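> Pasting start04.csv here (CSV, C-alpha atoms):
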chain,number,residue,atom,x,y,z
A,293,MET,CA,7.7,13.4,40.1
A,294,LYS,CA,7.4,13.1,36.4
A,295,LYS,CA,7.5,9.7,34.8
A,296,PHE,CA,9.3,9.3,31.4
A,297,LEU,CA,9.1,6.4,29.0
A,298,TYR,CA,12.1,5.2,27.0
A,299,PHE,CA,12.1,3.4,23.7
A,300,ALA,CA,15.0,2.4,21.4
A,301,THR,CA,14.9,0.8,18.0
A,302,GLY,CA,18.0,-1.4,18.3
A,303,ASN,CA,20.1,0.8,15.9
A,304,GLY,CA,22.4,2.2,18.5
A,305,ALA,CA,20.4,5.1,19.8
A,306,ASN,CA,22.8,7.6,18.5
A,307,LEU,CA,20.9,9.1,15.6
A,308,SER,CA,17.6,10.9,15.3
A,309,GLU,CA,14.6,8.5,15.6
A,310,GLU,CA,16.7,5.7,16.9
A,311,ALA,CA,15.5,6.3,20.4
A,312,TYR,CA,12.8,8.3,22.1
A,313,ILE,CA,11.9,9.5,25.5
A,314,ALA,CA,8.6,11.1,26.4
A,315,GLU,CA,6.7,12.1,29.5
A,316,ALA,CA,4.0,9.5,30.2
A,317,GLU,CA,1.5,12.4,30.5
A,318,SER,CA,2.0,13.1,26.8
A,319,ILE,CA,0.5,9.7,25.7
A,320,SER,CA,-2.5,10.6,23.5
A,321,CYS,CA,-3.6,7.1,22.3
A,322,ILE,CA,-2.7,3.6,21.4
A,323,ILE,CA,-4.3,2.0,18.4
A,324,PRO,CA,-3.7,-1.0,16.1
A,325,LEU,CA,-2.4,-0.2,12.5
A,326,ASN,CA,-2.7,-3.7,11.1
A,327,ASN,CA,-2.4,-7.3,12.4
A,328,THR,CA,1.3,-7.0,13.3
A,329,THR,CA,1.7,-3.3,14.1
A,330,THR,CA,0.5,-1.1,17.0
A,331,SER,CA,1.2,2.6,17.3
A,332,VAL,CA,1.5,4.8,20.3
A,333,TYR,CA,1.1,8.5,19.8
A,334,PHE,CA,2.5,11.3,22.0
A,335,THR,CA,1.2,14.8,22.0
A,336,LYS,CA,4.0,17.3,21.4
A,337,THR,CA,2.0,20.4,20.6
A,338,ASP,CA,-1.6,21.1,19.6
A,339,GLU,CA,-0.6,20.3,16.0
A,340,ASN,CA,2.3,17.9,16.3
A,341,LYS,CA,2.5,14.3,17.5
A,342,ASP,CA,5.3,11.8,17.7
A,343,LYS,CA,4.6,8.2,16.9
A,344,ILE,CA,6.1,4.9,17.8
A,345,ALA,CA,5.0,1.9,15.7
A,346,PHE,CA,5.7,-1.5,17.2
A,347,THR,CA,6.0,-4.5,15.0
A,348,HIS,CA,4.9,-7.8,16.7
A,349,ASP,CA,3.5,-11.2,16.2
A,350,ASP,CA,0.0,-11.8,14.8
A,351,THR,CA,-2.3,-13.1,17.5
A,352,THR,CA,-5.5,-11.7,16.0
A,353,ALA,CA,-6.8,-15.2,15.2
A,354,THR,CA,-6.1,-16.6,18.7
A,355,THR,CA,-5.8,-14.5,21.8
A,356,GLY,CA,-6.6,-11.1,20.2
A,357,HIS,CA,-4.5,-8.2,18.8
A,358,ARG,CA,-1.3,-7.3,20.6
A,359,CYS,CA,-2.5,-3.7,21.0
A,360,LYS,CA,-4.2,-4.7,24.2
A,361,ASP,CA,-1.0,-6.1,25.7
A,362,ILE,CA,1.0,-3.1,24.6
A,363,ALA,CA,-1.6,-0.7,25.9
A,364,LYS,CA,-1.7,-2.5,29.2
A,365,ALA,CA,2.1,-2.5,29.5
A,366,ILE,CA,2.4,1.2,28.7
A,367,ALA,CA,-0.3,2.1,31.1
A,368,THR,CA,1.4,0.1,33.8
A,369,ALA,CA,4.8,1.6,32.9
A,370,ALA,CA,3.3,5.1,33.2
A,371,ASN,CA,2.0,4.3,36.7
A,372,SER,CA,5.0,2.2,37.8
A,373,ASN,CA,7.2,2.7,40.9
A,374,PRO,CA,7.2,6.5,41.6
A,375,GLY,CA,10.8,6.3,42.7
A,376,VAL,CA,11.8,5.5,39.1
A,377,ASN,CA,12.0,8.5,36.8
A,378,MET,CA,12.5,6.7,33.6
A,379,VAL,CA,11.1,3.3,32.5
A,380,SER,CA,12.5,1.4,29.5
A,381,VAL,CA,9.4,0.2,27.8
A,382,VAL,CA,11.1,-1.4,24.8
A,383,ASP,CA,14.9,-1.0,24.4
A,384,LEU,CA,15.9,-3.2,21.5
A,385,ASP,CA,19.6,-2.0,21.9
A,386,ASN,CA,19.8,-3.7,25.3
A,387,LYS,CA,17.0,-6.2,24.9
A,388,VAL,CA,15.1,-4.7,27.8
A,389,PHE,CA,11.3,-5.2,27.7
A,390,PHE,CA,8.8,-3.9,30.3
A,391,ASN,CA,6.5,-6.6,31.6
A,392,ASN,CA,5.8,-9.1,28.8
A,393,LEU,CA,6.7,-6.9,25.8
A,394,ASN,CA,9.3,-9.2,24.4
A,395,PHE,CA,7.0,-10.1,21.5
A,396,VAL,CA,7.9,-6.7,20.0
A,397,THR,CA,10.4,-7.4,17.3
A,398,SER,CA,11.1,-4.0,15.9
A,399,MET,CA,9.9,-0.4,16.1
A,400,ASP,CA,9.8,2.8,14.1
A,401,ILE,CA,10.0,6.2,15.6
A,402,THR,CA,8.5,9.2,13.7
A,403,LEU,CA,8.8,12.7,15.1
A,404,ASN,CA,6.5,15.6,14.3
A,405,LEU,CA,3.7,14.0,12.5
B,168,MET,CA,-2.7,6.6,39.6
B,169,LYS,CA,-3.6,7.7,36.1
B,170,ASN,CA,-6.1,5.4,34.3
B,171,TYR,CA,-6.0,4.4,30.7
B,172,LEU,CA,-9.2,3.2,29.1
B,173,TYR,CA,-9.4,0.4,26.6
B,174,PHE,CA,-12.1,-0.2,24.0
B,175,ALA,CA,-12.2,-2.9,21.3
B,176,GLU,CA,-14.6,-3.7,18.5
B,177,ALA,CA,-15.4,-7.3,17.5
B,178,ASP,CA,-12.5,-7.5,15.0
B,179,VAL,CA,-9.2,-5.7,15.8
B,180,GLU,CA,-7.0,-5.7,12.8
B,181,THR,CA,-6.8,-2.1,11.5
B,182,GLY,CA,-6.5,1.4,12.6
B,183,ASP,CA,-5.4,5.0,12.0
B,184,ASP,CA,-7.8,5.2,9.1
B,185,ARG,CA,-10.5,7.1,11.0
B,186,LEU,CA,-11.9,3.7,12.0
B,187,SER,CA,-9.5,2.3,14.5
B,188,GLU,CA,-10.8,-1.0,15.7
B,189,ALA,CA,-9.3,-0.7,19.2
B,190,LEU,CA,-8.3,2.3,21.3
B,191,CYS,CA,-6.5,3.0,24.5
B,192,VAL,CA,-6.7,6.6,25.8
B,193,PRO,CA,-5.8,8.3,29.0
B,194,ALA,CA,-9.0,8.9,31.1
B,195,SER,CA,-7.9,12.5,31.4
B,196,SER,CA,-8.6,13.0,27.7
B,197,TYR,CA,-12.3,12.3,28.2
B,198,ILE,CA,-14.4,15.3,27.1
B,199,GLY,CA,-18.0,14.2,27.6
B,200,ALA,CA,-20.8,12.1,26.1
B,201,ASP,CA,-23.8,12.4,23.9
B,202,PRO,CA,-26.9,10.2,24.2
B,203,GLY,CA,-28.5,8.5,21.3
B,204,SER,CA,-31.2,5.9,20.8
B,205,GLY,CA,-29.7,2.9,22.4
B,206,THR,CA,-26.3,4.4,22.2
B,207,THR,CA,-24.0,6.7,24.1
B,208,THR,CA,-21.1,8.4,22.3
B,209,LEU,CA,-18.0,9.1,24.3
B,210,PHE,CA,-15.6,11.8,23.1
B,211,PHE,CA,-11.8,11.9,23.8
B,212,LYS,CA,-9.7,14.9,22.8
B,213,ASN,CA,-6.4,15.0,21.1
B,214,ALA,CA,-6.4,11.3,20.5
B,215,MET,CA,-5.9,11.3,16.7
B,216,GLY,CA,-3.1,9.4,15.1
B,217,ASP,CA,-1.5,10.4,11.8
B,218,LEU,CA,-4.5,12.4,10.8
B,219,GLY,CA,-3.7,15.5,12.8
B,220,SER,CA,-5.6,17.0,15.7
B,221,GLY,CA,-9.1,16.0,16.5
B,222,GLU,CA,-11.1,13.7,18.7
B,223,HIS,CA,-11.9,10.0,19.0
B,224,LYS,CA,-15.5,9.0,19.3
B,225,VAL,CA,-16.5,5.7,20.9
B,226,VAL,CA,-20.1,4.7,20.3
B,227,ILE,CA,-21.3,2.3,22.9
B,228,SER,CA,-24.5,0.4,22.1
B,229,HIS,CA,-26.6,-0.6,25.1
B,230,THR,CA,-30.2,-1.1,26.3
B,231,ALA,CA,-32.4,1.8,25.3
B,232,ASP,CA,-32.8,4.6,27.8
B,233,LYS,CA,-29.8,3.6,29.8
B,234,ASN,CA,-27.8,6.6,28.7
B,235,LYS,CA,-27.5,8.3,32.1
B,236,GLU,CA,-26.5,5.0,33.7
B,237,VAL,CA,-23.8,4.5,31.1
B,238,MET,CA,-22.5,8.0,31.5
B,239,ASP,CA,-22.4,7.6,35.3
B,240,ALA,CA,-20.6,4.2,34.9
B,241,ILE,CA,-18.0,5.7,32.7
B,242,ILE,CA,-17.2,8.4,35.2
B,243,SER,CA,-17.0,5.8,37.9
B,244,ILE,CA,-14.6,3.7,35.8
B,245,MET,CA,-12.4,6.7,35.1
B,246,ASN,CA,-12.2,7.6,38.8
B,247,ASN,CA,-11.9,4.1,40.3
B,248,ARG,CA,-8.6,2.9,41.5
B,249,SER,CA,-7.2,0.4,39.1
B,250,GLU,CA,-4.5,-2.2,39.0
B,251,GLY,CA,-1.7,-0.7,37.2
B,252,GLY,CA,-3.8,1.9,35.5
B,253,PHE,CA,-5.0,-0.2,32.6
B,254,VAL,CA,-8.8,-0.4,32.6
B,255,VAL,CA,-10.8,-2.4,30.1
B,256,VAL,CA,-14.1,-0.5,29.6
B,257,ALA,CA,-15.5,-2.7,26.8
B,258,ASP,CA,-13.6,-5.3,24.8
B,259,PHE,CA,-15.7,-7.1,22.3
B,260,GLU,CA,-12.8,-8.6,20.3
B,261,THR,CA,-14.1,-12.1,19.7
B,262,GLY,CA,-14.7,-11.9,16.0
B,263,THR,CA,-11.5,-13.5,14.8
B,264,ALA,CA,-9.9,-14.1,18.2
B,265,VAL,CA,-11.1,-17.6,19.0
B,266,SER,CA,-9.3,-18.0,22.2
B,267,LYS,CA,-10.7,-14.9,23.8
B,268,SER,CA,-13.9,-13.8,25.5
B,269,SER,CA,-15.4,-10.3,25.5
B,270,VAL,CA,-14.8,-8.2,28.6
B,271,ILE,CA,-17.1,-5.6,29.9
B,272,ASN,CA,-16.2,-3.5,32.9
B,273,LYS,CA,-18.3,-4.4,36.0
B,274,GLU,CA,-19.6,-0.9,36.3
B,275,LEU,CA,-21.3,-1.4,33.0
B,276,LEU,CA,-22.8,-4.8,33.7
B,277,GLY,CA,-26.6,-4.9,33.5
B,278,LEU,CA,-26.8,-2.1,31.0
B,279,GLY,CA,-27.0,-4.4,27.9
B,280,LEU,CA,-23.8,-3.4,26.2
B,281,SER,CA,-23.6,-5.1,22.8
B,282,SER,CA,-20.9,-3.4,20.9
B,283,VAL,CA,-18.5,-0.4,20.5
B,284,ALA,CA,-17.7,1.5,17.4
B,285,ILE,CA,-14.6,3.7,17.2
B,286,THR,CA,-14.2,6.6,14.8
B,287,GLU,CA,-11.9,9.7,14.6
B,288,THR,CA,-13.0,13.2,13.7
B,289,PRO,CA,-10.4,15.7,12.5
B,290,VAL,CA,-10.4,19.1,14.1
B,291,GLY,CA,-12.9,21.5,12.6
B,292,ALA,CA,-15.2,18.8,11.5
B,293,ILE,CA,-18.9,19.7,11.8
B,294,THR,CA,-21.7,17.1,11.6
B,295,GLY,CA,-23.8,17.8,8.6
B,296,ARG,CA,-27.5,17.9,9.1
B,297,GLN,CA,-30.7,17.8,7.0
B,298,ASN,CA,-31.7,21.1,8.5
B,299,ILE,CA,-32.3,24.2,6.4
B,300,THR,CA,-31.2,26.7,9.1
B,301,LEU,CA,-27.5,25.7,9.3
B,302,ALA,CA,-24.6,26.2,6.9
B,303,ALA,CA,-23.4,22.6,7.4
B,304,SER,CA,-26.6,21.2,6.1
B,305,HIS,CA,-27.8,19.4,3.0
B,306,GLY,CA,-30.9,17.9,1.5
B,307,ALA,CA,-31.7,14.2,1.6
B,308,GLY,CA,-31.2,14.1,-2.2
B,309,ALA,CA,-27.5,15.0,-1.8
B,310,VAL,CA,-26.6,11.9,0.3
B,311,SER,CA,-24.5,9.6,-1.8
B,312,THR,CA,-24.4,5.9,-1.3
B,313,GLU,CA,-20.9,6.3,0.2
B,314,SER,CA,-21.5,9.2,2.6
B,315,SER,CA,-23.4,12.4,3.2
B,316,PRO,CA,-21.6,15.7,2.6
B,317,GLN,CA,-18.8,16.3,5.1
B,318,TYR,CA,-18.2,19.7,6.6
B,319,TYR,CA,-15.1,21.3,8.2
B,320,LYS,CA,-14.6,24.8,9.5
B,321,ALA,CA,-11.3,26.5,10.1
B,322,ARG,CA,-10.2,30.1,11.0
B,323,GLN,CA,-7.3,31.7,9.3
B,324,GLY,CA,-6.8,35.0,11.1
B,325,ARG,CA,-10.2,36.6,10.8
B,326,ASP,CA,-11.2,34.5,7.8
B,327,ILE,CA,-13.6,31.6,8.1
B,328,ILE,CA,-13.0,28.8,5.7
B,329,THR,CA,-15.9,26.3,5.4
B,330,THR,CA,-15.0,23.2,3.4
B,331,VAL,CA,-17.7,20.9,2.0
B,332,ALA,CA,-16.5,17.5,0.8
B,333,VAL,CA,-19.1,15.8,-1.5
B,334,ASP,CA,-19.0,12.1,-2.6
B,335,LEU,CA,-20.8,11.7,-5.8
B,336,THR,CA,-21.3,8.0,-5.7
B,337,GLY,CA,-24.9,7.1,-6.4
B,338,LEU,CA,-25.9,10.6,-7.3
B,339,ALA,CA,-27.4,11.0,-10.8
B,340,ASN,CA,-26.6,13.5,-13.5
B,341,LYS,CA,-29.1,14.4,-16.2
B,342,ASN,CA,-27.9,14.9,-19.7
B,343,SER,CA,-29.3,18.4,-19.7
B,344,VAL,CA,-27.4,21.6,-19.0
B,345,GLY,CA,-28.5,23.4,-15.8
B,346,ASP,CA,-30.2,20.3,-14.2
B,347,VAL,CA,-29.6,19.6,-10.5
B,348,ILE,CA,-27.4,16.6,-9.6
B,349,GLY,CA,-28.7,14.4,-6.8
B,350,LEU,CA,-30.3,11.1,-6.0
B,351,ALA,CA,-32.5,9.9,-8.9
B,352,ALA,CA,-35.2,9.1,-6.3
B,353,GLY,CA,-35.6,12.9,-5.8
B,354,SER,CA,-35.6,15.1,-2.7
B,355,SER,CA,-33.8,18.3,-2.1
B,356,ALA,CA,-30.2,18.0,-3.3
B,357,TYR,CA,-28.5,21.2,-1.9
B,358,ILE,CA,-25.1,20.7,-0.3
B,359,PHE,CA,-24.6,23.9,1.7
B,360,LYS,CA,-26.3,27.0,2.9
B,361,TYR,CA,-24.9,30.5,3.0
B,362,VAL,CA,-25.5,31.5,6.7
B,363,ALA,CA,-23.4,34.7,7.1
B,364,ALA,CA,-23.4,34.3,10.9
B,365,GLU,CA,-21.5,31.1,10.5
B,366,THR,CA,-19.6,31.5,7.3
B,367,GLY,CA,-18.9,35.2,7.3
B,368,ILE,CA,-19.4,37.2,4.2
B,369,ILE,CA,-18.4,34.9,1.4
B,370,TYR,CA,-15.8,36.5,-0.9
B,371,LYS,CA,-14.3,33.5,-2.7
B,372,ILE,CA,-15.4,30.0,-3.6
B,373,GLU,CA,-13.2,27.1,-4.9
B,374,MET,CA,-14.2,23.7,-6.2
B,375,THR,CA,-11.5,21.0,-6.5
B,376,CYS,CA,-11.7,17.5,-8.0
B,377,LEU,CA,-10.3,15.1,-5.4
B,378,GLU,CA,-11.4,11.9,-7.2
B,379,LEU,CA,-12.4,12.0,-10.9
B,380,PRO,CA,-16.1,11.1,-11.3
B,381,THR,CA,-16.9,7.8,-13.0
B,382,ALA,CA,-20.1,6.2,-14.2
B,383,SER,CA,-20.9,3.0,-16.0
B,384,SER,CA,-21.5,5.1,-19.1
B,385,ASN,CA,-22.1,8.7,-20.1
B,386,VAL,CA,-20.2,10.1,-17.1
B,387,GLY,CA,-20.9,13.8,-16.6
B,388,LEU,CA,-17.6,15.6,-15.9
B,389,ASP,CA,-18.6,19.2,-16.5
B,390,ILE,CA,-20.1,20.1,-13.1
B,391,ASP,CA,-21.1,23.7,-12.1
B,392,LEU,CA,-22.1,25.1,-8.8
B,393,PHE,CA,-25.3,27.2,-8.5
B,394,SER,CA,-27.0,29.0,-5.6
B,395,SER,CA,-30.7,29.5,-5.2
B,396,SER,CA,-33.0,30.9,-2.5
B,397,ASN,CA,-35.0,27.7,-2.8
B,398,ALA,CA,-34.0,24.8,-0.6
B,399,ALA,CA,-36.2,22.2,-2.4
B,400,ARG,CA,-34.5,21.8,-5.7
B,401,ALA,CA,-34.0,18.2,-6.5
B,402,TYR,CA,-32.4,16.0,-9.2
B,403,ASP,CA,-33.5,16.9,-12.7
B,404,TYR,CA,-34.8,20.4,-11.8
B,405,ASP,CA,-33.6,23.0,-14.2
B,406,ILE,CA,-31.9,25.6,-12.0
B,407,SER,CA,-30.3,27.5,-14.8
B,408,GLY,CA,-32.4,30.6,-13.9
B,409,ALA,CA,-30.6,30.8,-10.5
B,410,THR,CA,-27.1,32.2,-9.8
B,411,GLN,CA,-24.2,30.4,-11.4
B,412,VAL,CA,-21.5,30.5,-8.8
B,413,ILE,CA,-18.9,28.3,-10.6
B,414,ALA,CA,-19.0,27.7,-14.3
B,415,ALA,CA,-16.6,24.8,-15.1
B,416,ASN,CA,-16.9,25.3,-18.9
B,417,THR,CA,-14.9,22.1,-19.3
B,418,ASP,CA,-14.6,18.5,-18.0
B,419,MET,CA,-13.1,18.1,-14.6
B,420,VAL,CA,-9.4,17.1,-14.2
B,421,LEU,CA,-8.2,15.3,-11.1
B,422,GLY,CA,-6.6,17.8,-8.7
B,423,ASP,CA,-7.7,20.9,-10.6
B,424,THR,CA,-9.4,23.8,-8.8
B,425,LEU,CA,-12.0,26.1,-10.2
B,426,GLN,CA,-12.2,29.5,-8.5
B,427,ASN,CA,-14.8,32.3,-8.4
B,428,LEU,CA,-14.0,35.7,-7.0
B,429,ALA,CA,-17.4,37.3,-7.8
B,430,ASP,CA,-21.1,36.5,-7.7
B,431,HIS,CA,-21.0,34.1,-4.8
B,432,GLY,CA,-24.7,33.9,-4.2
B,433,ALA,CA,-26.7,35.7,-1.6
B,434,ALA,CA,-27.0,35.2,2.1
B,435,ASN,CA,-29.4,32.4,2.9
B,436,ASP,CA,-28.9,30.8,-0.5
B,437,TYR,CA,-28.6,27.1,-1.0
B,438,TYR,CA,-25.9,25.6,-3.2
B,439,TYR,CA,-26.4,22.8,-5.8
B,440,LEU,CA,-24.2,20.8,-8.1
B,441,VAL,CA,-25.4,21.1,-11.6
B,442,THR,CA,-24.8,19.6,-15.0
B,443,GLY,CA,-22.5,21.9,-16.8
B,444,ASN,CA,-22.6,20.3,-20.2
B,445,THR,CA,-24.4,17.5,-22.0
B,446,HIS,CA,-22.7,14.0,-21.9
B,447,THR,CA,-24.5,11.7,-24.3
B,448,GLY,CA,-27.0,10.4,-21.8
B,449,ASP,CA,-28.2,10.4,-18.2
B,450,SER,CA,-25.9,8.7,-15.8
B,451,THR,CA,-25.3,7.7,-12.2
B,452,TYR,CA,-21.9,8.3,-10.6
B,453,THR,CA,-20.0,5.2,-9.5
B,454,ALA,CA,-17.2,7.4,-7.9
B,455,GLY,CA,-16.1,11.0,-7.7
B,456,LYS,CA,-15.2,13.4,-4.9
B,457,LEU,CA,-15.4,17.2,-4.9
B,458,MET,CA,-14.1,19.6,-2.3
B,459,ILE,CA,-15.7,23.0,-2.2
B,460,LYS,CA,-14.3,25.8,-0.1
B,461,PHE,CA,-16.2,28.9,0.9
B,462,TYR,CA,-14.0,31.7,2.1
B,463,GLY,CA,-15.8,34.2,4.4
B,464,HIS,CA,-15.0,37.2,6.6
B,465,PRO,CA,-17.1,38.4,9.5
B,466,GLN,CA,-18.9,41.6,9.1
B,467,ILE,CA,-16.5,44.4,9.8
What is this structure when it is put down as structure tokens?


Amino acid sequence: MKKFLYFATGNGANLSEEAYIAEAESISCIIPLNNTTTSVYFTKTDENKDKIAFTHDDTTATTGHRCKDIAKAIATAANSNPGVNMVSVVDLDNKVFFNNLNFVTSMDITLNL
Amino acid sequence: MKNYLYFAEADVETGDDRLSEALCVPASSYIGADPGSGTTTLFFKNAMGDLGSGEHKVVISHTADKNKEVMDAIISIMNNRSEGGFVVVADFETGTAVSKSSVINKELLGLGLSSVAITETPVGAITGRQNITLAASHGAGAVSTESSPQYYKARQGRDIITTVAVDLTGLANKNSVGDVIGLAAGSSAYIFKYVAAETGIIYKIEMTCLELPTASSNVGLDIDLFSSSNAARAYDYDISGATQVIAANTDMVLGDTLQNLADHGAANDYYYLVTGNTHTGDSTYTAGKLMIKFYGHPQI
């Protein structure tokens, strides 16, 4: 059974790039962008990727960059209960956060990089 | 269970600039590893961010001659069952994070891991070498203080396009028409070799200014491209008797491209940047980037 991950920016999820769903298998990498932003990339085709950039608090001077927490949560979501087809990772419309991701304050979705 | 591997450098603050300071990738994207002296480089496919397609490289520093053990441990880490699928391979983020300790996967303990360095390589990138047999090669005198020449190869239909990106910073420019540009300390300063088996038959060459060259004074902006059968030409050598491949005839302008559709040099020639016009006095570049494209077609 394929596992899908769901993300929503909190803007209603009724316009392009306000929400995103992707097969967990398509995750290509998770990297920090700066102290308060972490991006997740999904492979769409050989040439195209989609990107979700999470904005979060700055913990670089204390417990380390949040990219580790985000990576751990997404890896766990990708491997979560096989009976669940779709996992809401961060849904800011409904204030649903997988595991401890409630430190995510906003996100930007960009298709076809 | 699908495992996701996590690596972090000492400071984790930036990324997606070809130097991401942390990286999480699916274990399934692992391509393989390359041993070095006290290092092992891991390659992960299709892990690029905004920079298009390519690969991530993670260089793990460890006790010398432990390469095989590191490679074996990485495979074990990838194949081990994990809790939730998130696997820390090596997390050295303790530079600014004062409330955190480094974490090294137990499979790697005893191998003297000391750091990781993460880089991204775009698709088509070729490692340039100081090796006179390869197209993607250069002399030691062409290595700027910023970077050595960078090489990329792409196919467009049957055409082969080899791109050479040259950073001029630290290279010196004589105030003498026809003199080779390179490190003032000397050594061969060629930036590319015409190897028909790799490049195809070259039928067009373009040179583009991506960053306008600067110098503290007397900046040389009129830069030509010459080819020569001799690989040993160095800074200050008068190469004007060789083949002029691109004649600028004017100062460079940012973003402008010079093109040559004839007289591309001969197979096995070496290519040099050359002073195209006098410029008051000798100078050393403090900035400047050129992109040179060699268009080739395989022998029909």

> Show me, as number ranges by chain, every residue of chain B with an atom at most 10 Å from chain A, counting all atoms listed in the file.

B: 168-175, 177-184, 187-193, 195-196, 211-221, 223, 250-255, 258, 260-268

> Figure out the distance between CA of Tyr357 (chain B) and CA of Ala434 (chain B), please, to one decimal in Å.

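Separating CA of Ala434 (chain B) from CA of Tyr357 (chain B) is a distance of 14.6 Å.
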
> Name all residues at most 9 Å from region 307-311 of chain B (count all atoms listed in the file; drop same-chain ones fewer than 3 positions away) and give them as a VMD selection string.

chain B and resid 297 314 to 316 333 to 338 348 to 358 401 to 402 439

> I'd like the neighbourhood of Met378 (chain A) as a list in words, where a residue qualifies if any of its atoms comes within 10 Å (using only C-alpha atoms), though same-chain residues fewer than 2 positions away should be ignored.

Lys294, Lys295, Phe296, Leu297, Tyr298, Ile313, Ala314, Glu315, Ala316, Ala369, Ala370, Ser372, Asn373, Pro374, Gly375, Val376, Ser380 and Val381 of chain A

> Would you save the residues from that selection as a PDB file, in the frame of the given file, using C-alpha atoms?


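Result written to selection-v5.pdb:
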ATOM      1  CA  LYS A 294       7.400  13.100  36.400  1.00  0.00           C
ATOM      2  CA  LYS A 295       7.500   9.700  34.800  1.00  0.00           C
ATOM      3  CA  PHE A 296       9.300   9.300  31.400  1.00  0.00           C
ATOM      4  CA  LEU A 297       9.100   6.400  29.000  1.00  0.00           C
ATOM      5  CA  TYR A 298      12.100   5.200  27.000  1.00  0.00           C
ATOM      6  CA  ILE A 313      11.900   9.500  25.500  1.00  0.00           C
ATOM      7  CA  ALA A 314       8.600  11.100  26.400  1.00  0.00           C
ATOM      8  CA  GLU A 315       6.700  12.100  29.500  1.00  0.00           C
ATOM      9  CA  ALA A 316       4.000   9.500  30.200  1.00  0.00           C
ATOM     10  CA  ALA A 369       4.800   1.600  32.900  1.00  0.00           C
ATOM     11  CA  ALA A 370       3.300   5.100  33.200  1.00  0.00           C
ATOM     12  CA  SER A 372       5.000   2.200  37.800  1.00  0.00           C
ATOM     13  CA  ASN A 373       7.200   2.700  40.900  1.00  0.00           C
ATOM     14  CA  PRO A 374       7.200   6.500  41.600  1.00  0.00           C
ATOM     15  CA  GLY A 375      10.800   6.300  42.700  1.00  0.00           C
ATOM     16  CA  VAL A 376      11.800   5.500  39.100  1.00  0.00           C
ATOM     17  CA  SER A 380      12.500   1.400  29.500  1.00  0.00           C
ATOM     18  CA  VAL A 381       9.400   0.200  27.800  1.00  0.00           C
TER      19      VAL A 381
END

> With all atoms listed in the file as the counted atoms, please give the residues lying no more than 9 Å from Asn394 (chain A), apart from itself and same-chain residues fewer than 5 positions off, as an mmCIF file with C-alpha atoms, in the coordinates of the input.


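Writing the result to result-v1.cif gives the following:
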data_model
loop_
_atom_site.group_PDB
_atom_site.id
_atom_site.type_symbol
_atom_site.label_atom_id
_atom_site.label_comp_id
_atom_site.auth_asym_id
_atom_site.auth_seq_id
_atom_site.Cartn_x
_atom_site.Cartn_y
_atom_site.Cartn_z
ATOM 1 C CA HIS A 348 4.900 -7.800 16.700
ATOM 2 C CA VAL A 382 11.100 -1.400 24.800
ATOM 3 C CA LYS A 387 17.000 -6.200 24.900
ATOM 4 C CA VAL A 388 15.100 -4.700 27.800
ATOM 5 C CA PHE A 389 11.300 -5.200 27.700
#

> Would you pick out the contacts of Leu384 (chain A) at 9 Å or less, using all atoms listed in the file, so that residues sharing its chain but fewer than 3 positions from it are not included, and give the list as a list in words?

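My list of contacting residues is Phe299, Ala300, Thr301, Gly302, Asn303, Gly304, Lys387, Val388, Phe389, Val396, Thr397, Ser398 and Met399 of chain A.
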
> Generate a file of the selected residues that holds C-alpha atoms, formatted as a short mmCIF file (atom, residue, chain, number, x, y, z; two decimals), in the frame of the given file.


data_model
loop_
_atom_site.label_atom_id
_atom_site.label_comp_id
_atom_site.auth_asym_id
_atom_site.auth_seq_id
_atom_site.Cartn_x
_atom_site.Cartn_y
_atom_site.Cartn_z
CA PHE A 299 12.10 3.40 23.70
CA ALA A 300 15.00 2.40 21.40
CA THR A 301 14.90 0.80 18.00
CA GLY A 302 18.00 -1.40 18.30
CA ASN A 303 20.10 0.80 15.90
CA GLY A 304 22.40 2.20 18.50
CA LYS A 387 17.00 -6.20 24.90
CA VAL A 388 15.10 -4.70 27.80
CA PHE A 389 11.30 -5.20 27.70
CA VAL A 396 7.90 -6.70 20.00
CA THR A 397 10.40 -7.40 17.30
CA SER A 398 11.10 -4.00 15.90
CA MET A 399 9.90 -0.40 16.10
#

> What is the CA of Ser450 (chain B)-CA of Glu313 (chain B) distance in Å, reported with one decimal?

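CA of Glu313 (chain B) lies 16.9 Å from CA of Ser450 (chain B).
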
> Kindly indicate which residue among B:Val225, B:Ala194, B:Val283, B:Ile328 lies nearest to Ser243 (chain B), using all atoms listed in the file for the distances.

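Result for the nearest residue to Ser243 (chain B): B:Ala194.
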
> As an exercise, work out the distance from CA of Gly277 (chain B) to CA of Leu186 (chain B) in Å and give it to one decimal place.

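That distance, rounded to one decimal, is 27.4 Å.
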
> Mind checking which residues fall within 7 Å of Val441 (chain B), counting all atoms listed in the file, ignoring those fewer than 6 positions away in the same chain, and posting them as a PyMOL selection string?

chain B and resi 345-348+390-393
